[in-house]
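Participant: I'd like to ask you about the structure that follows.
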Amino acid sequence: MLSTQVVQTIVGQLGFTTVTDVTVIQSLWANYGKLYRCQAARRRDDETATQLVVKHFAPPLRASDDSEDHLRKMRSYEVESAFYEKLSAKMIDRGCIVPELVGCTREGQSIALVMRDLGAQYGSFTVRRGNCMDMDEAKQLLRYLARFHGINWGQSVEGLWPEGSFWQLGTRMDELQYLDTSWKRYGLDRDMALRIHELVTSLPHRTIVHGDAKAANFFWFDERGDVGGYDLQYVGGASPMRDIAYTLGCSLQEHLIERHEEALLRFYHGELLSHLSPKDAAGFTFETMQDAYDLCVADLVRFMCGSRWWGNTDYLEMKAKSWLKAHAV
């Protein structure tokens, strides 16, 4: 079917009678579907159409594919659907900007999430990609993540990943065989990678994490000074430092992480505590958070050694090497 027909069929199932101005925003990762934008109205005489975004997950046709990579992607869209159906309304009510779910449709293995367009709701925005954030942008994102984490502190939600984060080892065991020479140079092997994974997944003070908290998965709204998050396929329970290690390690400008990492961590910590109960805040000291952050950086480097390197790689590798040496893992 043509793109217009696909979107008209999906949106029509949710009670919209008129669907126009269908455009393809982009293909989903590895061509597992497409992201569309459209205008839709529930009555043909309605002059105030709603601008929608349709995330249509349609896996490539395969006779059979039980690969870890394929199964992880399949699960990720079920998880994202669960997030929108169970958590998104609460997040929005608590002032944490995520897309508002209009409806979800399913047909076979395909899933379509229909959401209100964040740009239409909140105004013009800037998108950042790569390790690009300056200090102001980093603080805006850290403030957002502190609210995201604080709202869900100590909670678990059925249907999300038991251990959130796209790079967590439990969903990427195949990559253990590809650990490159930088990992082996530390004197580390497969068993050490598994040990670090065990330590990270055993960290206390858990919340619901975004799971893919790179700059490209957020909007900076120009007039509001707010940030909005999307692309929530790897949301789930974990230490909040999974998000923070990835955010600072892969999205902050390199010269800033070298000079201002501690200051930004303290900024996040202060923002997070403002969303926690006195009891929870007292238990999550800066020192406790710092230890969890350093461990998550080591685990992030473990992932990159088995996958690919990007972001502030020299700094991350230096941090991981220091942690490994100090803890004699």
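Going by the structure tokens order, chains are called A, B, ..., each with residues numbered from 1, while ligands are numbered from 1 in the order shown.
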Using only C-alpha atoms, find each residue in range 96-199 of chain A having at least one atom no more than 7 Å away from range 53-70 of chain A; report its shortest atom-to-atom pair and that distance in Å (one decimal), rows by chain then rising number, as JSON lines.

Facilitator:
{"residue": "A:Gln109", "atom": "CA", "partner": "A:Ala58", "partner_atom": "CA", "distance": 6.9}
{"residue": "A:Ser110", "atom": "CA", "partner": "A:Ala58", "partner_atom": "CA", "distance": 4.7}
{"residue": "A:Ile111", "atom": "CA", "partner": "A:Phe57", "partner_atom": "CA", "distance": 5.1}
{"residue": "A:Ala112", "atom": "CA", "partner": "A:His56", "partner_atom": "CA", "distance": 4.3}
{"residue": "A:Leu113", "atom": "CA", "partner": "A:Lys55", "partner_atom": "CA", "distance": 5.1}
{"residue": "A:Val114", "atom": "CA", "partner": "A:Val54", "partner_atom": "CA", "distance": 4.6}
{"residue": "A:Met115", "atom": "CA", "partner": "A:Val53", "partner_atom": "CA", "distance": 5.2}
{"residue": "A:Arg116", "atom": "CA", "partner": "A:Val53", "partner_atom": "CA", "distance": 6.0}
{"residue": "A:Asp117", "atom": "CA", "partner": "A:Val53", "partner_atom": "CA", "distance": 5.4}
{"residue": "A:Arg172", "atom": "CA", "partner": "A:Glu68", "partner_atom": "CA", "distance": 6.9}

Participant: Just all heavy atoms for this one: save the residues we selected as a compact mmCIF listing (two decimals), in the first residue's frame.

Facilitator:
# COMPACT_ATOMS: atom_id res chain seq x y z
N GLN A 109 1.83 -8.81 13.06
CA GLN A 109 3.01 -8.37 13.79
C GLN A 109 3.18 -6.85 13.76
O GLN A 109 4.10 -6.32 14.39
CB GLN A 109 4.26 -9.03 13.20
CG GLN A 109 4.35 -10.53 13.47
CD GLN A 109 5.68 -11.08 13.03
OE1 GLN A 109 6.21 -10.75 11.96
NE2 GLN A 109 6.26 -11.95 13.85
N SER A 110 2.32 -6.18 13.04
CA SER A 110 2.45 -4.72 12.90
C SER A 110 1.75 -4.00 14.05
O SER A 110 0.69 -4.41 14.51
CB SER A 110 1.84 -4.26 11.57
OG SER A 110 2.57 -4.78 10.48
N ILE A 111 2.37 -2.92 14.49
CA ILE A 111 1.82 -2.06 15.53
C ILE A 111 1.89 -0.62 15.03
O ILE A 111 2.90 -0.21 14.45
CB ILE A 111 2.61 -2.17 16.84
CG1 ILE A 111 2.59 -3.60 17.37
CG2 ILE A 111 2.08 -1.21 17.90
CD1 ILE A 111 3.51 -3.82 18.56
N ALA A 112 0.83 0.14 15.22
CA ALA A 112 0.84 1.55 14.86
C ALA A 112 0.47 2.38 16.08
O ALA A 112 -0.59 2.19 16.68
CB ALA A 112 -0.14 1.83 13.72
N LEU A 113 1.35 3.28 16.45
CA LEU A 113 1.09 4.24 17.52
C LEU A 113 0.72 5.56 16.88
O LEU A 113 1.49 6.12 16.08
CB LEU A 113 2.33 4.41 18.40
CG LEU A 113 2.73 3.20 19.25
CD1 LEU A 113 4.13 3.39 19.80
CD2 LEU A 113 1.73 2.99 20.37
N VAL A 114 -0.45 6.08 17.23
CA VAL A 114 -0.91 7.37 16.69
C VAL A 114 -0.86 8.37 17.85
O VAL A 114 -1.50 8.18 18.88
CB VAL A 114 -2.33 7.26 16.13
CG1 VAL A 114 -2.79 8.60 15.58
CG2 VAL A 114 -2.38 6.18 15.04
N MET A 115 -0.08 9.43 17.65
CA MET A 115 0.19 10.38 18.72
C MET A 115 -0.01 11.81 18.22
O MET A 115 0.12 12.08 17.02
CB MET A 115 1.63 10.22 19.21
CG MET A 115 1.97 8.82 19.70
SD MET A 115 3.75 8.49 19.75
CE MET A 115 4.11 8.22 18.01
N ARG A 116 -0.31 12.69 19.14
CA ARG A 116 -0.33 14.09 18.79
C ARG A 116 1.08 14.57 18.54
O ARG A 116 2.04 14.17 19.21
CB ARG A 116 -0.97 14.93 19.91
CG ARG A 116 -2.47 14.67 20.07
CD ARG A 116 -3.11 15.68 21.01
NE ARG A 116 -3.05 17.03 20.46
CZ ARG A 116 -3.43 18.12 21.12
NH1 ARG A 116 -3.88 18.02 22.37
NH2 ARG A 116 -3.37 19.30 20.56
N ASP A 117 1.23 15.44 17.55
CA ASP A 117 2.53 15.95 17.14
C ASP A 117 3.06 16.92 18.21
O ASP A 117 2.41 17.93 18.52
CB ASP A 117 2.39 16.66 15.79
CG ASP A 117 3.73 17.03 15.18
OD1 ASP A 117 4.58 17.57 15.91
OD2 ASP A 117 3.91 16.81 13.97
N ARG A 172 21.65 -8.51 24.49
CA ARG A 172 22.67 -8.42 23.45
C ARG A 172 23.79 -9.44 23.71
O ARG A 172 24.97 -9.13 23.52
CB ARG A 172 23.26 -7.00 23.40
CG ARG A 172 22.22 -5.88 23.46
CD ARG A 172 22.85 -4.52 23.27
NE ARG A 172 23.13 -4.25 21.89
CZ ARG A 172 22.34 -3.56 21.06
NH1 ARG A 172 21.20 -3.07 21.49
NH2 ARG A 172 22.70 -3.36 19.82

Participant: Taking the chain letters and numbering used in this document, name the residues of range 5-59 of chain A that DSSP puts in strand (DSSP E), as a list of chain:residue names.

Facilitator: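 Across range 5-59 of chain A, those assigned strand (DSSP E) are A:Thr18, A:Val19, A:Thr20, A:Asp21, A:Val22, A:Thr23, A:Val24, A:Ile25, A:Gln26, A:Ser27, A:Gly33, A:Lys34, A:Leu35, A:Tyr36, A:Arg37, A:Cys38, A:Gln39, A:Ala40, A:Ala41, A:Thr50, A:Gln51, A:Leu52, A:Val53, A:Val54, A:Lys55, A:His56, A:Phe57.
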
Participant: Include N, CA and C atoms and write out the residues we just selected as a compact mmCIF listing (two decimals), in the first residue's frame.

Facilitator:
# COMPACT_ATOMS: atom_id res chain seq x y z
N THR A 18 -11.38 12.01 8.02
CA THR A 18 -10.61 12.73 7.00
C THR A 18 -9.14 12.74 7.41
N VAL A 19 -8.28 12.23 6.54
CA VAL A 19 -6.84 12.19 6.79
C VAL A 19 -6.14 12.78 5.57
N THR A 20 -5.40 13.86 5.77
CA THR A 20 -4.76 14.56 4.64
C THR A 20 -3.31 14.89 4.98
N ASP A 21 -2.62 15.42 3.98
CA ASP A 21 -1.24 15.91 4.14
C ASP A 21 -0.32 14.87 4.76
N VAL A 22 -0.39 13.66 4.24
CA VAL A 22 0.44 12.58 4.76
C VAL A 22 1.86 12.73 4.22
N THR A 23 2.83 12.77 5.11
CA THR A 23 4.24 12.82 4.71
C THR A 23 5.03 11.81 5.51
N VAL A 24 6.07 11.27 4.90
CA VAL A 24 6.98 10.36 5.59
C VAL A 24 8.06 11.19 6.27
N ILE A 25 8.18 11.04 7.58
CA ILE A 25 9.23 11.75 8.32
C ILE A 25 10.55 11.01 8.16
N GLN A 26 10.52 9.70 8.39
CA GLN A 26 11.73 8.89 8.23
C GLN A 26 11.36 7.41 8.34
N SER A 27 12.29 6.57 7.91
CA SER A 27 12.13 5.14 8.13
C SER A 27 12.58 4.81 9.54
N GLY A 33 9.73 -0.26 9.50
CA GLY A 33 8.53 0.54 9.44
C GLY A 33 8.85 1.98 9.09
N LYS A 34 7.84 2.86 9.28
CA LYS A 34 8.03 4.27 8.94
C LYS A 34 7.35 5.15 9.98
N LEU A 35 7.82 6.39 10.02
CA LEU A 35 7.24 7.42 10.87
C LEU A 35 6.59 8.45 9.94
N TYR A 36 5.31 8.75 10.18
CA TYR A 36 4.55 9.64 9.31
C TYR A 36 4.03 10.84 10.10
N ARG A 37 3.70 11.88 9.36
CA ARG A 37 2.96 13.02 9.91
C ARG A 37 1.74 13.24 9.03
N CYS A 38 0.62 13.62 9.64
CA CYS A 38 -0.59 13.86 8.86
C CYS A 38 -1.51 14.82 9.60
N GLN A 39 -2.55 15.29 8.89
CA GLN A 39 -3.64 16.06 9.47
C GLN A 39 -4.87 15.15 9.48
N ALA A 40 -5.64 15.21 10.56
CA ALA A 40 -6.82 14.33 10.65
C ALA A 40 -7.96 15.06 11.35
N ALA A 41 -9.17 14.76 10.89
CA ALA A 41 -10.38 15.33 11.50
C ALA A 41 -11.39 14.22 11.68
N THR A 50 -6.44 17.90 13.51
CA THR A 50 -5.39 17.62 14.48
C THR A 50 -4.16 17.12 13.75
N GLN A 51 -3.00 17.66 14.11
CA GLN A 51 -1.76 17.18 13.50
C GLN A 51 -1.27 15.98 14.30
N LEU A 52 -1.08 14.87 13.60
CA LEU A 52 -0.71 13.62 14.24
C LEU A 52 0.62 13.09 13.71
N VAL A 53 1.25 12.28 14.53
CA VAL A 53 2.41 11.50 14.11
C VAL A 53 2.04 10.03 14.24
N VAL A 54 2.31 9.25 13.22
CA VAL A 54 2.00 7.82 13.22
C VAL A 54 3.31 7.05 13.14
N LYS A 55 3.57 6.25 14.17
CA LYS A 55 4.76 5.39 14.17
C LYS A 55 4.28 3.99 13.83
N HIS A 56 4.57 3.56 12.61
CA HIS A 56 4.05 2.29 12.10
C HIS A 56 5.18 1.27 12.06
N PHE A 57 5.14 0.36 12.99
CA PHE A 57 6.11 -0.72 13.06
C PHE A 57 5.61 -1.88 12.20

Participant: With a distance cut-off of 10 Å and only C-alpha atoms, select the neighbouring residues of Trp161 in chain A, excluding the residue or stretch itself and same-chain residues fewer than 5 positions from it, and output the selection as a CSV table (one decimal) with C-alpha atoms, in the first residue's frame.

Facilitator:
chain,number,residue,atom,x,y,z
A,75,ARG,CA,9.9,-6.7,21.8
A,76,SER,CA,10.9,-3.0,21.7
A,78,GLU,CA,5.5,-3.9,22.3
A,79,VAL,CA,7.3,-2.1,25.2
A,80,GLU,CA,6.8,1.3,23.6
A,82,ALA,CA,2.9,-0.4,26.8
A,156,SER,CA,8.0,-1.0,38.0
A,166,PHE,CA,18.9,-0.4,24.6
A,171,THR,CA,19.3,-8.4,25.3
A,208,ILE,CA,11.9,3.9,35.0
A,209,VAL,CA,14.5,5.0,32.6
A,211,GLY,CA,16.5,3.8,27.8
A,233,GLN,CA,11.3,1.6,22.8
A,234,TYR,CA,13.8,0.7,25.5
A,235,VAL,CA,12.0,2.2,28.5
A,236,GLY,CA,12.1,0.0,31.7
A,237,GLY,CA,13.3,-0.4,35.2
A,238,ALA,CA,16.9,0.4,35.9

Participant: Using only C-alpha atoms, which residues sit within 12 Å of Asp280 in chain A once same-chain residues fewer than 4 positions away are excluded, as a list in words?

Facilitator: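 Returned residues: Gly150, Trp153, Gly154, Pro204, His205, Arg206, Thr207, Leu272, Leu273, Ser274, His275, Leu276, Phe284 and Thr285 of chain A.
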
Participant: How would you write, as a ChimeraX atom specification, the set of residues in range 18-211 of chain A that DSSP gives as alpha helix (DSSP H)?

Facilitator: /A:68-86,88-93,118-122,135-151,181-185,190-201

Participant: Point out the residue among A:Glu258, A:Tyr77, A:Asp291, A:Val7 with the least atom-to-atom distance to Thr313 in chain A, counting only C-alpha atoms.

Facilitator: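 For Thr313 in chain A, the nearest of the given residues is A:Glu258.
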
Participant: Neighbouring residues of Trp310 in chain A were defined as those with any atom within 9 Å, considering only C-alpha atoms; residues of the same chain fewer than 4 positions away were excluded. Please report them as a list in words.

Facilitator: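 Near Trp310 in chain A, the qualifying residues are Gly130, Asn131, Cys250 and Met304 of chain A.
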
Participant: Just C-alpha atoms for this one: save the residues we selected as a PDB file, in the first residue's frame.

Facilitator:
ATOM      1  CA  GLY A 130      25.810  13.546  18.097  1.00  0.00           C
ATOM      2  CA  ASN A 131      27.953  14.779  20.979  1.00  0.00           C
ATOM      3  CA  CYS A 250      27.482  10.351  24.021  1.00  0.00           C
ATOM      4  CA  MET A 304      30.822  -0.251  22.745  1.00  0.00           C
TER       5      MET A 304
END

Participant: I want to know what sits within 8 Å of Gln253 in chain A, based on only C-alpha atoms, with residues of the same chain fewer than 3 positions away left out; could you give that as a list in words?

Facilitator: Asn131, Cys132, Met133, Asp134, Leu256, Ile257 and Asn312 of chain A

Participant: Please produce a file of the residues just selected, as a short mmCIF file (atom, residue, chain, number, x, y, z; two decimals), in the first residue's frame, where the atoms kept are N, CA, C and O atoms.

Facilitator:
data_model
loop_
_atom_site.label_atom_id
_atom_site.label_comp_id
_atom_site.auth_asym_id
_atom_site.auth_seq_id
_atom_site.Cartn_x
_atom_site.Cartn_y
_atom_site.Cartn_z
N ASN A 131 27.51 14.18 19.72
CA ASN A 131 27.95 14.78 20.98
C ASN A 131 28.06 16.29 20.78
O ASN A 131 29.11 16.84 20.49
N CYS A 132 26.91 16.95 20.94
CA CYS A 132 26.71 18.31 20.48
C CYS A 132 26.23 19.28 21.55
O CYS A 132 26.27 20.49 21.36
N MET A 133 25.74 18.78 22.69
CA MET A 133 25.08 19.66 23.65
C MET A 133 26.06 20.60 24.33
O MET A 133 27.14 20.19 24.76
N ASP A 134 25.65 21.88 24.44
CA ASP A 134 26.41 22.81 25.26
C ASP A 134 25.90 22.73 26.69
O ASP A 134 25.03 21.90 27.01
N LEU A 256 33.48 19.67 27.22
CA LEU A 256 32.66 19.95 28.40
C LEU A 256 32.63 18.78 29.37
O LEU A 256 32.64 18.97 30.59
N ILE A 257 32.57 17.57 28.85
CA ILE A 257 32.54 16.43 29.76
C ILE A 257 33.85 16.31 30.52
O ILE A 257 33.89 15.93 31.69
N ASN A 312 31.94 10.56 23.20
CA ASN A 312 33.20 10.98 23.81
C ASN A 312 34.02 9.74 24.18
O ASN A 312 34.25 9.44 25.36
#

Participant: Between A:Met241, A:Leu179, A:Ala30, A:Met289, single out the one closest to Asp191 in chain A, counting only C-alpha atoms.

Facilitator: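 Of A:Met241, A:Leu179, A:Ala30, A:Met289, the one nearest Asp191 in chain A is A:Leu179, counting only C-alpha atoms.
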
Participant: Quick one: of A:Ala245, A:Glu287, A:Leu324, A:Asn217, who's nearest to Gly311 in chain A, counting only C-alpha atoms?

Facilitator: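 Ranked by minimum distance to Gly311 in chain A, first place goes to A:Ala245.
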
Participant: Write out as a VMD selection string the residues lying within 10 Å of Leu176 in chain A, counting only C-alpha atoms and excluding same-chain residues fewer than 2 positions away.

Facilitator: chain A and resid 169 172 to 174 178 to 180 189 to 191 193 to 194 302 to 303 305 to 307

Participant: I need the residue nearest Leu203 in chain A from this list: A:Ser277, A:Asn31, A:Gln177, A:Thr288. Use only C-alpha atoms for the distance.

Facilitator: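 That would be A:Thr288, the residue with the smallest distance to Leu203 in chain A.
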
Participant: A:Gly187, A:Gly225, A:Gly249, A:Pro278: which is nearest Val301 in chain A, counting only C-alpha atoms?

Facilitator: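 Among the listed residues, the smallest separation from Val301 in chain A belongs to A:Gly249.
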
Participant: Between CA of Tyr32 in chain A and CA of Met74 in chain A, what is the distance, to one decimal in Å?

Facilitator: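 A separation of 9.1 Å between them.
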